[in-house]
>>> print(open('target.cif').read())   # mmCIF, C-alpha atoms
data_model
#
loop_
_atom_site.label_atom_id
_atom_site.label_comp_id
_atom_site.auth_asym_id
_atom_site.auth_seq_id
_atom_site.Cartn_x
_atom_site.Cartn_y
_atom_site.Cartn_z
CA MET A 1445 -3.70 -8.08 7.42
CA PRO A 1446 -6.81 -9.15 5.51
CA VAL A 1447 -8.70 -10.19 8.69
CA THR A 1448 -10.89 -7.24 9.73
CA GLY A 1449 -13.04 -8.65 12.51
CA ILE A 1450 -13.68 -11.64 14.71
CA THR A 1451 -16.71 -12.47 16.83
CA LYS A 1452 -16.72 -15.47 19.11
CA ASP A 1453 -19.83 -16.52 20.96
CA ILE A 1454 -19.08 -19.10 23.62
CA ASP A 1455 -22.76 -19.73 24.37
CA SER A 1456 -23.90 -20.33 20.79
CA LEU A 1457 -20.55 -21.89 19.78
CA GLN A 1458 -20.26 -19.62 16.81
CA LEU A 1459 -17.24 -18.06 15.25
CA ALA A 1460 -17.58 -15.26 12.70
CA ILE A 1461 -14.62 -13.81 10.87
CA THR A 1462 -14.61 -10.98 8.36
CA ALA A 1463 -11.78 -10.40 5.94
CA GLU A 1464 -11.06 -8.17 2.99
CA PHE A 1465 -9.42 -9.34 -0.18
CA ALA A 1466 -7.98 -7.24 -2.98
CA ALA A 1467 -10.03 -8.96 -5.68
CA PRO A 1468 -13.59 -8.79 -6.99
CA VAL A 1469 -16.29 -11.11 -5.62
CA GLN A 1470 -16.28 -13.33 -8.70
CA ARG A 1471 -12.58 -14.05 -8.20
CA ILE A 1472 -13.17 -15.19 -4.60
CA TRP A 1473 -16.13 -17.28 -5.72
CA ASP A 1474 -14.02 -18.94 -8.42
CA LEU A 1475 -11.42 -19.83 -5.80
CA TYR A 1476 -14.03 -21.69 -3.75
CA ALA A 1477 -15.67 -23.25 -6.82
CA ASP A 1478 -12.39 -24.67 -8.15
CA ALA A 1479 -11.10 -27.70 -6.24
CA ARG A 1480 -7.50 -27.07 -7.34
CA GLN A 1481 -7.51 -23.54 -5.93
CA LEU A 1482 -9.54 -24.45 -2.84
CA GLU A 1483 -7.09 -27.15 -1.80
CA ARG A 1484 -4.28 -24.62 -1.86
CA VAL A 1485 -5.92 -22.63 0.92
CA TRP A 1486 -7.97 -25.15 2.92
CA GLY A 1487 -5.28 -27.08 4.76
CA PRO A 1488 -2.36 -25.64 6.68
CA PRO A 1489 1.11 -26.10 5.11
CA THR A 1490 1.76 -29.14 7.33
CA HIS A 1491 -1.57 -30.75 6.35
CA PRO A 1492 -2.27 -29.95 2.69
CA ALA A 1493 -5.77 -30.73 1.46
CA THR A 1494 -6.77 -32.67 -1.64
CA PHE A 1495 -10.34 -32.36 -2.90
CA VAL A 1496 -11.56 -35.46 -4.70
CA ASP A 1497 -15.10 -34.37 -5.57
CA HIS A 1498 -16.21 -30.78 -5.40
CA ALA A 1499 -18.98 -28.68 -6.96
CA LEU A 1500 -20.69 -25.62 -5.56
CA THR A 1501 -24.24 -26.74 -6.29
CA VAL A 1502 -27.00 -27.32 -3.76
CA GLY A 1503 -27.13 -30.92 -2.56
CA SER A 1504 -23.65 -31.67 -3.87
CA ARG A 1505 -21.27 -33.56 -1.59
CA SER A 1506 -17.59 -32.70 -1.72
CA THR A 1507 -14.93 -35.08 -0.46
CA TYR A 1508 -11.44 -34.22 0.63
CA TYR A 1509 -8.57 -35.45 2.69
CA MET A 1510 -5.70 -33.75 4.45
CA THR A 1511 -2.28 -35.34 4.54
CA GLY A 1512 -0.14 -34.98 7.66
CA PRO A 1513 3.65 -34.78 7.87
CA ASP A 1514 3.94 -38.57 8.37
CA GLY A 1515 1.61 -39.36 5.50
CA GLU A 1516 -1.44 -39.97 7.70
CA LYS A 1517 -4.71 -38.97 6.03
CA TYR A 1518 -7.73 -37.25 7.55
CA ALA A 1519 -10.82 -37.46 5.36
CA GLY A 1520 -13.73 -35.08 5.38
CA TRP A 1521 -16.76 -34.01 3.44
CA TRP A 1522 -18.83 -30.94 2.66
CA ARG A 1523 -22.52 -31.01 1.92
CA ILE A 1524 -23.56 -27.88 0.04
CA THR A 1525 -26.81 -26.65 1.56
CA SER A 1526 -27.36 -23.37 -0.29
CA VAL A 1527 -25.79 -21.47 -3.16
CA ASP A 1528 -26.29 -17.92 -4.36
CA GLU A 1529 -23.51 -17.42 -6.89
CA PRO A 1530 -21.31 -15.41 -6.59
CA THR A 1531 -22.24 -13.88 -3.24
CA SER A 1532 -22.86 -16.72 -0.80
CA PHE A 1533 -22.93 -20.42 -0.14
CA ALA A 1534 -23.54 -22.60 2.88
CA PHE A 1535 -22.29 -26.07 3.68
CA ASP A 1536 -21.96 -28.61 6.44
CA ASP A 1537 -18.43 -29.84 7.06
CA GLY A 1538 -17.82 -33.21 8.68
CA PHE A 1539 -15.38 -36.05 9.15
CA ALA A 1540 -15.32 -39.09 6.85
CA ASP A 1541 -13.94 -42.61 7.06
CA ASP A 1542 -11.32 -43.96 4.63
CA HIS A 1543 -14.04 -44.49 2.02
CA PHE A 1544 -15.40 -40.95 2.37
CA ASN A 1545 -18.56 -42.12 4.13
CA ASP A 1546 -19.84 -39.85 6.90
CA ALA A 1547 -18.04 -40.82 10.09
CA PRO A 1548 -20.81 -41.69 12.55
CA GLY A 1549 -20.90 -39.81 15.82
CA MET A 1550 -18.42 -37.24 14.62
CA PRO A 1551 -19.13 -33.52 14.83
CA VAL A 1552 -20.44 -31.51 11.90
CA SER A 1553 -20.00 -27.76 11.59
CA HIS A 1554 -22.44 -25.50 9.77
CA ASN A 1555 -20.82 -22.84 7.66
CA VAL A 1556 -22.06 -19.79 5.79
CA TYR A 1557 -19.67 -17.84 3.57
CA THR A 1558 -20.78 -14.47 2.22
CA PHE A 1559 -18.96 -12.19 -0.20
CA THR A 1560 -19.85 -8.56 -0.85
CA GLU A 1561 -18.04 -6.26 -3.23
CA TYR A 1562 -17.15 -2.65 -2.86
CA ALA A 1563 -14.69 -0.66 -4.93
CA GLY A 1564 -13.44 -3.80 -6.65
CA ARG A 1565 -12.57 -5.43 -3.33
CA THR A 1566 -14.33 -8.24 -1.53
CA ARG A 1567 -15.49 -8.27 2.03
CA ALA A 1568 -15.86 -11.89 3.07
CA THR A 1569 -17.78 -13.12 6.11
CA PHE A 1570 -17.15 -16.67 7.32
CA VAL A 1571 -19.53 -17.95 9.96
CA SER A 1572 -19.01 -21.37 11.51
CA THR A 1573 -21.37 -22.91 14.06
CA TYR A 1574 -20.98 -26.09 16.09
CA ASP A 1575 -23.90 -28.14 17.42
CA SER A 1576 -22.45 -28.52 20.89
CA ALA A 1577 -19.40 -27.68 22.92
CA GLU A 1578 -18.56 -31.40 22.80
CA ALA A 1579 -18.51 -31.17 19.01
CA LEU A 1580 -16.16 -28.21 19.13
CA GLN A 1581 -13.90 -30.04 21.56
CA LYS A 1582 -13.91 -33.12 19.31
CA VAL A 1583 -12.98 -31.09 16.26
CA LEU A 1584 -9.96 -29.77 18.14
CA ASP A 1585 -9.10 -33.23 19.51
CA MET A 1586 -9.18 -34.66 16.00
CA GLY A 1587 -6.21 -32.54 15.16
CA VAL A 1588 -7.88 -30.21 12.71
CA GLU A 1589 -5.99 -27.48 14.48
CA GLU A 1590 -2.75 -29.42 14.09
CA GLY A 1591 -0.16 -27.29 12.51
CA ALA A 1592 -2.34 -24.22 12.76
CA THR A 1593 0.11 -22.33 14.90
CA GLN A 1594 2.86 -23.55 12.67
CA ALA A 1595 0.83 -22.38 9.69
CA ILE A 1596 0.73 -18.87 11.07
CA ASN A 1597 4.49 -18.94 11.53
CA GLN A 1598 5.00 -20.19 8.00
CA ILE A 1599 2.85 -17.55 6.42
CA ASP A 1600 5.70 -15.11 6.08
CA ALA A 1601 7.70 -17.72 4.21
CA PHE A 1602 4.71 -18.54 2.04
CA LEU A 1603 4.12 -14.89 1.19
CA ALA A 1604 7.78 -14.42 0.37
CA THR A 1605 7.65 -17.35 -2.05
CA ALA A 1606 4.44 -16.04 -3.57
CA ALA A 1607 5.97 -12.62 -4.15
CA ALA A 1608 9.11 -14.07 -5.76
CA MET B 331 -5.73 -35.89 24.77
CA THR B 332 -5.52 -38.12 27.85
CA GLU B 333 -8.55 -39.91 29.26
CA SER B 334 -8.69 -37.67 32.29
CA ALA B 335 -8.50 -34.60 30.09
CA GLU B 336 -11.40 -35.99 28.06
CA ASP B 337 -13.39 -36.53 31.24
CA ARG B 338 -12.62 -33.01 32.30
CA ALA B 339 -13.78 -31.65 28.94
CA ASP B 340 -17.02 -33.65 29.24
CA ALA B 341 -17.67 -32.22 32.70
CA LEU B 342 -16.79 -28.73 31.50
CA PHE B 343 -19.21 -28.76 28.60
CA HIS B 344 -21.98 -30.53 30.44
CA ALA B 345 -21.72 -27.79 33.05
CA LEU B 346 -21.90 -25.00 30.47
CA ALA B 347 -24.75 -26.56 28.49
CA ASP B 348 -27.32 -25.20 30.94
CA ARG B 349 -28.56 -21.60 30.97
CA THR B 350 -29.01 -21.40 34.74
CA ARG B 351 -25.52 -22.74 35.33
CA ARG B 352 -24.05 -20.22 32.92
CA ASP B 353 -25.92 -17.49 34.77
CA ILE B 354 -24.64 -18.75 38.13
CA LEU B 355 -21.14 -18.84 36.69
CA ARG B 356 -21.38 -15.26 35.44
CA ARG B 357 -22.39 -14.15 38.94
CA VAL B 358 -19.70 -16.03 40.82
CA LEU B 359 -17.02 -14.91 38.36
CA ALA B 360 -17.94 -11.34 39.25
CA GLY B 361 -17.53 -12.08 42.97
CA GLU B 362 -18.11 -14.54 45.75
CA HIS B 363 -21.77 -15.36 46.41
CA SER B 364 -23.40 -17.46 49.11
CA VAL B 365 -25.40 -20.36 47.74
CA THR B 366 -28.38 -19.00 49.68
CA ALA B 367 -28.09 -15.64 47.90
CA LEU B 368 -27.82 -17.39 44.53
CA ALA B 369 -30.88 -19.51 45.30
CA GLY B 370 -32.86 -16.33 45.98
CA THR B 371 -32.28 -15.08 42.43
CA TYR B 372 -33.84 -18.05 40.63
CA ASP B 373 -37.36 -19.34 40.49
CA MET B 374 -36.36 -22.78 41.73
CA THR B 375 -35.77 -24.60 44.99
CA PHE B 376 -32.61 -24.19 47.07
CA ALA B 377 -31.87 -27.87 46.44
CA ALA B 378 -32.06 -27.37 42.67
CA VAL B 379 -29.71 -24.39 42.77
CA GLN B 380 -27.36 -26.31 45.06
CA LYS B 381 -27.33 -29.10 42.48
CA HIS B 382 -26.36 -26.66 39.72
CA VAL B 383 -23.59 -25.29 41.91
CA ALA B 384 -22.35 -28.85 42.50
CA VAL B 385 -22.19 -29.53 38.74
CA LEU B 386 -20.15 -26.36 38.21
CA GLU B 387 -17.90 -27.36 41.10
CA ARG B 388 -17.27 -30.86 39.66
CA ALA B 389 -16.37 -29.27 36.33
CA GLY B 390 -13.76 -27.17 38.11
CA LEU B 391 -15.49 -23.94 37.12
CA LEU B 392 -16.41 -22.95 40.63
CA THR B 393 -14.95 -23.42 44.10
CA LYS B 394 -16.80 -23.44 47.40
CA ARG B 395 -15.72 -22.65 50.91
CA ARG B 396 -17.56 -22.67 54.20
CA SER B 397 -18.04 -19.63 56.37
CA GLY B 398 -20.05 -20.53 59.44
CA ARG B 399 -23.41 -21.81 58.21
CA GLU B 400 -22.90 -20.32 54.77
CA GLN B 401 -21.47 -21.96 51.67
CA LEU B 402 -19.66 -19.34 49.58
CA ALA B 403 -19.08 -19.93 45.88
CA SER B 404 -16.65 -18.21 43.54
CA GLY B 405 -15.79 -18.75 39.89
CA ASP B 406 -12.53 -20.06 38.50
CA VAL B 407 -11.51 -17.61 35.79
CA GLU B 408 -8.79 -19.89 34.41
CA ALA B 409 -11.22 -22.75 33.76
CA VAL B 410 -13.58 -20.47 31.87
CA ARG B 411 -10.71 -19.24 29.79
CA SER B 412 -10.07 -22.77 28.55
CA VAL B 413 -13.44 -22.77 26.74
CA ALA B 414 -12.57 -19.50 25.07
CA SER B 415 -9.18 -20.90 24.15
CA MET B 416 -10.83 -23.65 22.09
CA LEU B 417 -12.52 -21.01 19.98
CA ASP B 418 -9.14 -19.29 19.75
CA GLU B 419 -7.69 -22.45 18.21
CA ILE B 420 -10.42 -22.52 15.58
CA GLU B 421 -9.75 -18.85 14.96
CA SER B 422 -6.11 -19.58 14.17
CA VAL B 423 -7.18 -22.19 11.58
CA TRP B 424 -9.34 -19.57 9.88
CA ARG B 425 -6.67 -16.94 10.01
CA GLY B 426 -4.35 -19.38 8.26
CA ARG B 427 -6.89 -19.97 5.49
CA ILE B 428 -7.53 -16.29 4.99
CA GLU B 429 -3.81 -15.57 4.79
CA ARG B 430 -3.42 -18.31 2.20
CA ILE B 431 -6.28 -16.91 0.10
CA ASP B 432 -4.64 -13.51 0.28
CA ALA B 433 -1.28 -14.99 -0.72
CA LEU B 434 -2.85 -16.82 -3.64
CA LEU B 435 -4.54 -13.65 -4.87
CA THR B 436 -1.37 -11.60 -4.41
CA LYS B 437 0.57 -14.08 -6.50
CA GLU B 438 -1.70 -13.36 -9.47
CA THR B 439 -1.29 -9.62 -9.51
#
>>> encode(input="target.cif", output="structure tokens")
Amino acid sequence: MPVTGITKDIDSLQLAITAEFAAPVQRIWDLYADARQLERVWGPPTHPATFVDHALTVGSRSTYYMTGPDGEKYAGWWRITSVDEPTSFAFDDGFADDHFNDAPGMPVSHNVYTFTEYAGRTRATFVSTYDSAEALQKVLDMGVEEGATQAINQIDAFLATAAA
Amino acid sequence: MTESAEDRADALFHALADRTRRDILRRVLAGEHSVTALAGTYDMTFAAVQKHVAVLERAGLLTKRRSGREQLASGDVEAVRSVASMLDEIESVWRGRIERIDALLTKET
């Protein structure tokens, strides 16, 4: 299991996850910098993601949508707030309307991803913070978690396909 | 989510958005406390503490019972768990992403 640690802080509404990947830091960075690779990991199997615009440069705004099993689309955006290639970047992640405009009154999460290398492997730290418990609740209500449990169950199948 | 569930979530998070209320909750989760005893631990009036207790009660985080002249408050462990379970849901999203990254990298080697 690549996940090595999880910290959840109910008071500060922060979730921090550490994971280890069998690849150098630059490889992990490239995955996040490339829309085609990023969309393969961002959405769960039931809700695949498509990135329309994406660049890991400060001030850049990425746009993406996730497509549900019945064809319904959920649009979102990232705003890149800091970049230190290839070891870290930070971005805000929010909901968008059908035209990729910021959806007013919808929650935004603040994310910091950090990659450190040792012995050719990468230790990744993903920290996600929500402005309020209401925001966290809303994110869950919006169905971002939809298919998540299913995703976990499908991982074995996915890995088997990947290995074949 | 149904309307009543939304209302419940609103009450839950309003209740937890205050430091004093979280502190009261921590105490009553550890064991039953009289409202008078709780009031003695904070630098605020009995009425103010009673108000905090009432907010926690409305959110379903705390239950009160009477014992003579005393009001005794205790925490509802299950309700508190539901906040933690929301973070658990987010965790499962992340775990999914991490597994997919790992799968993608494995495919290359």
>>> resolve_selection(input="target.cif", expression="the PyMOL selection byres ((chain B) within 8 of (chain A))", output="number ranges by chain")
B: 331, 339-340, 343, 347, 413-414, 416-417, 419-437
>>> resolve_selection(input="target.cif", expression="the PyMOL selection byres ((chain B and resi 353-367) around 6)", output="ChimeraX atom specification")
/B:350-352,368-370,401-405
>>> atom_distance(input="target.cif", atom1="CA of Tyr1562 in chain A", atom2="CA of Val1527 in chain A")
20.7 Å
>>> residues_around(input="target.cif", residues="Gln1470 in chain A", least_positions_apart="6", cutoff="10 Å", atoms="only C-alpha atoms", output="mmCIF file with C-alpha atoms, keeping the file's coordinate frame")
data_model
loop_
_atom_site.group_PDB
_atom_site.id
_atom_site.type_symbol
_atom_site.label_atom_id
_atom_site.label_comp_id
_atom_site.auth_asym_id
_atom_site.auth_seq_id
_atom_site.Cartn_x
_atom_site.Cartn_y
_atom_site.Cartn_z
ATOM 1 C CA TYR A 1476 -14.030 -21.690 -3.750
ATOM 2 C CA GLU A 1529 -23.510 -17.420 -6.890
ATOM 3 C CA PRO A 1530 -21.310 -15.410 -6.590
ATOM 4 C CA THR A 1531 -22.240 -13.880 -3.240
ATOM 5 C CA PHE A 1559 -18.960 -12.190 -0.200
ATOM 6 C CA THR A 1560 -19.850 -8.560 -0.850
ATOM 7 C CA GLU A 1561 -18.040 -6.260 -3.230
ATOM 8 C CA THR A 1566 -14.330 -8.240 -1.530
#
>>> residues_around(input="target.cif", residues="Ala1493 in chain A", least_positions_apart="3", cutoff="6 Å", atoms="all atoms listed in the file", output="ChimeraX atom specification")
/A:1483,1487,1509-1510
>>> atom_distance(input="target.cif", atom1="CA of Thr1501 in chain A", atom2="CA of Phe1533 in chain A")
8.9 Å
>>> atom_distance(input="target.cif", atom1="CA of Val1496 in chain A", atom2="CA of Met1550 in chain A")
20.6 Å
>>> closest_residue(input="target.cif", among="B:Asp418, B:Glu400, B:Glu387, B:Thr393", to="Leu342 in chain B", atoms="only C-alpha atoms")
B:Glu387
